[in-house]
Amino acid sequence: MTIEPLEEKRQKAQRYATEPERFRLEGIHLRMTSEHGVREITFQEGRWSCTCPFYADHHTCSHIMAAQQILNGIQFDLDR
Ligand SMILES: [Zn+2]
């Protein structure tokens, strides 16, 4: 009996999903609603940034930290 092509892909996807080291995030753009308004969070060329005033002074913020927790398990290309 042959496996349906789509079923074969589902099985492969399931295996890949247990191997997060295969994935490297190259870029992302998130929009989130904070307690003080909408924030734009980006990850580009190995750097996180956010549109909030706290980020402007500290180069990190709760929005970036939360985004990193949500995306936990993906390898970030921070070495560029
Ligand atoms: Zn922020």
# chains A, B, ... in the order shown; residues from 1 in each chain; ligands from 1

$ residues_near_ligand --ligand "ligand 1" --cutoff "8 Å" --atoms "only C-alpha atoms and all ligand atoms" --output "PyMOL selection string"
chain A and resi 39-41+49-55+60-64

$ write_last_selection --atoms "C-alpha atoms" --output "PDB file, in the first residue's frame"
ATOM      1  CA  ARG A  39       3.816  48.394  19.126  1.00  0.00           C
ATOM      2  CA  GLU A  40       5.714  47.235  16.068  1.00  0.00           C
ATOM      3  CA  ILE A  41       8.366  44.647  16.853  1.00  0.00           C
ATOM      4  CA  SER A  49      13.770  46.489  17.622  1.00  0.00           C
ATOM      5  CA  CYS A  50      10.518  47.980  18.870  1.00  0.00           C
ATOM      6  CA  THR A  51       8.705  51.271  18.375  1.00  0.00           C
ATOM      7  CA  CYS A  52       8.087  51.877  22.087  1.00  0.00           C
ATOM      8  CA  PRO A  53       9.853  54.670  24.032  1.00  0.00           C
ATOM      9  CA  PHE A  54      11.432  52.219  26.499  1.00  0.00           C
ATOM     10  CA  TYR A  55      13.255  50.479  23.658  1.00  0.00           C
ATOM     11  CA  THR A  60      15.173  46.054  24.782  1.00  0.00           C
ATOM     12  CA  CYS A  61      11.657  46.069  26.214  1.00  0.00           C
ATOM     13  CA  SER A  62       8.853  43.871  27.514  1.00  0.00           C
ATOM     14  CA  HIS A  63       7.392  43.556  24.003  1.00  0.00           C
ATOM     15  CA  ILE A  64      10.604  42.072  22.580  1.00  0.00           C
TER      16      ILE A  64
END

$ atom_distance --atom1 "CA of Thr18 in chain A" --atom2 "CA of Asn72 in chain A"
13.2 Å

$ closest_residue --among "A:Arg15, A:His59, A:His29, A:Arg10" --to "Gln44 in chain A" --atoms "only C-alpha atoms"
A:His29

$ select_by_dssp --residues "chain A" --states "alpha helix (DSSP H)" --output "list of chain:residue names"
A:Pro5, A:Leu6, A:Glu7, A:Glu8, A:Lys9, A:Arg10, A:Gln11, A:Lys12, A:Ala13, A:Gln14, A:Arg15, A:Tyr16, A:Ala17, A:Pro53, A:Phe54, A:Tyr55, A:Ala56, A:Asp57, A:His58, A:Ser62, A:His63, A:Ile64, A:Met65, A:Ala66, A:Ala67, A:Gln68, A:Gln69, A:Ile70

$ select_by_dssp --residues "range 6-71 of chain A" --states "strand (DSSP E)" --output "MDAnalysis selection string"
chainID A and resid 24:25 27:34 37:44 47:50

$ write_last_selection --atoms "N, CA and C atoms" --output "PDB file, in the first residue's frame"
ATOM      1  N   ARG A  24      16.088  28.567  11.164  1.00  0.00           N
ATOM      2  CA  ARG A  24      16.759  29.799  11.569  1.00  0.00           C
ATOM      3  C   ARG A  24      15.896  30.970  11.117  1.00  0.00           C
ATOM      4  N   LEU A  25      15.501  31.776  12.082  1.00  0.00           N
ATOM      5  CA  LEU A  25      14.645  32.907  11.774  1.00  0.00           C
ATOM      6  C   LEU A  25      15.473  34.043  11.194  1.00  0.00           C
ATOM      7  N   GLY A  27      13.967  36.918   9.673  1.00  0.00           N
ATOM      8  CA  GLY A  27      13.287  38.192   9.800  1.00  0.00           C
ATOM      9  C   GLY A  27      11.861  38.005  10.281  1.00  0.00           C
ATOM     10  N   ILE A  28      11.363  39.009  10.988  1.00  0.00           N
ATOM     11  CA  ILE A  28       9.991  38.914  11.483  1.00  0.00           C
ATOM     12  C   ILE A  28       9.452  40.319  11.732  1.00  0.00           C
ATOM     13  N   HIS A  29       8.168  40.467  11.603  1.00  0.00           N
ATOM     14  CA  HIS A  29       7.505  41.730  11.915  1.00  0.00           C
ATOM     15  C   HIS A  29       6.235  41.393  12.677  1.00  0.00           C
ATOM     16  N   LEU A  30       6.166  41.852  13.911  1.00  0.00           N
ATOM     17  CA  LEU A  30       5.004  41.590  14.749  1.00  0.00           C
ATOM     18  C   LEU A  30       4.335  42.902  15.128  1.00  0.00           C
ATOM     19  N   ARG A  31       3.040  42.899  15.177  1.00  0.00           N
ATOM     20  CA  ARG A  31       2.290  44.036  15.708  1.00  0.00           C
ATOM     21  C   ARG A  31       1.562  43.534  16.944  1.00  0.00           C
ATOM     22  N   MET A  32       1.773  44.205  18.049  1.00  0.00           N
ATOM     23  CA  MET A  32       1.090  43.766  19.269  1.00  0.00           C
ATOM     24  C   MET A  32       0.436  44.960  19.950  1.00  0.00           C
ATOM     25  N   THR A  33      -0.637  44.659  20.683  1.00  0.00           N
ATOM     26  CA  THR A  33      -1.335  45.706  21.415  1.00  0.00           C
ATOM     27  C   THR A  33      -0.884  45.653  22.869  1.00  0.00           C
ATOM     28  N   SER A  34      -0.104  46.627  23.268  1.00  0.00           N
ATOM     29  CA  SER A  34       0.378  46.682  24.650  1.00  0.00           C
ATOM     30  C   SER A  34      -0.637  47.439  25.500  1.00  0.00           C
ATOM     31  N   GLY A  37      -0.717  50.982  23.960  1.00  0.00           N
ATOM     32  CA  GLY A  37      -0.923  51.207  22.535  1.00  0.00           C
ATOM     33  C   GLY A  37      -0.285  50.138  21.671  1.00  0.00           C
ATOM     34  N   VAL A  38      -0.392  50.323  20.358  1.00  0.00           N
ATOM     35  CA  VAL A  38       0.123  49.343  19.399  1.00  0.00           C
ATOM     36  C   VAL A  38       1.633  49.508  19.268  1.00  0.00           C
ATOM     37  N   ARG A  39       2.354  48.398  19.290  1.00  0.00           N
ATOM     38  CA  ARG A  39       3.816  48.394  19.126  1.00  0.00           C
ATOM     39  C   ARG A  39       4.186  47.543  17.927  1.00  0.00           C
ATOM     40  N   GLU A  40       5.195  47.990  17.215  1.00  0.00           N
ATOM     41  CA  GLU A  40       5.714  47.235  16.068  1.00  0.00           C
ATOM     42  C   GLU A  40       7.061  46.654  16.484  1.00  0.00           C
ATOM     43  N   ILE A  41       7.147  45.347  16.454  1.00  0.00           N
ATOM     44  CA  ILE A  41       8.366  44.647  16.853  1.00  0.00           C
ATOM     45  C   ILE A  41       8.948  43.983  15.613  1.00  0.00           C
ATOM     46  N   THR A  42      10.247  44.216  15.382  1.00  0.00           N
ATOM     47  CA  THR A  42      10.880  43.595  14.217  1.00  0.00           C
ATOM     48  C   THR A  42      12.162  42.866  14.623  1.00  0.00           C
ATOM     49  N   PHE A  43      12.478  41.851  13.850  1.00  0.00           N
ATOM     50  CA  PHE A  43      13.765  41.163  13.968  1.00  0.00           C
ATOM     51  C   PHE A  43      14.352  41.135  12.569  1.00  0.00           C
ATOM     52  N   GLN A  44      15.459  41.849  12.381  1.00  0.00           N
ATOM     53  CA  GLN A  44      16.082  41.957  11.056  1.00  0.00           C
ATOM     54  C   GLN A  44      17.583  42.008  11.209  1.00  0.00           C
ATOM     55  N   ARG A  47      19.028  41.655  14.652  1.00  0.00           N
ATOM     56  CA  ARG A  47      18.711  42.630  15.696  1.00  0.00           C
ATOM     57  C   ARG A  47      17.209  42.759  15.897  1.00  0.00           C
ATOM     58  N   TRP A  48      16.818  42.817  17.175  1.00  0.00           N
ATOM     59  CA  TRP A  48      15.433  43.111  17.519  1.00  0.00           C
ATOM     60  C   TRP A  48      15.272  44.607  17.646  1.00  0.00           C
ATOM     61  N   SER A  49      14.084  45.106  17.308  1.00  0.00           N
ATOM     62  CA  SER A  49      13.770  46.489  17.622  1.00  0.00           C
ATOM     63  C   SER A  49      12.269  46.630  17.863  1.00  0.00           C
ATOM     64  N   CYS A  50      11.922  47.722  18.520  1.00  0.00           N
ATOM     65  CA  CYS A  50      10.518  47.980  18.870  1.00  0.00           C
ATOM     66  C   CYS A  50      10.282  49.472  18.790  1.00  0.00           C
TER      67      CYS A  50
END

$ atom_distance --atom1 "CA of Tyr16 in chain A" --atom2 "CA of Gln69 in chain A"
20.4 Å

$ atom_distance --atom1 "CA of Leu71 in chain A" --atom2 "CA of Pro20 in chain A"
10.8 Å
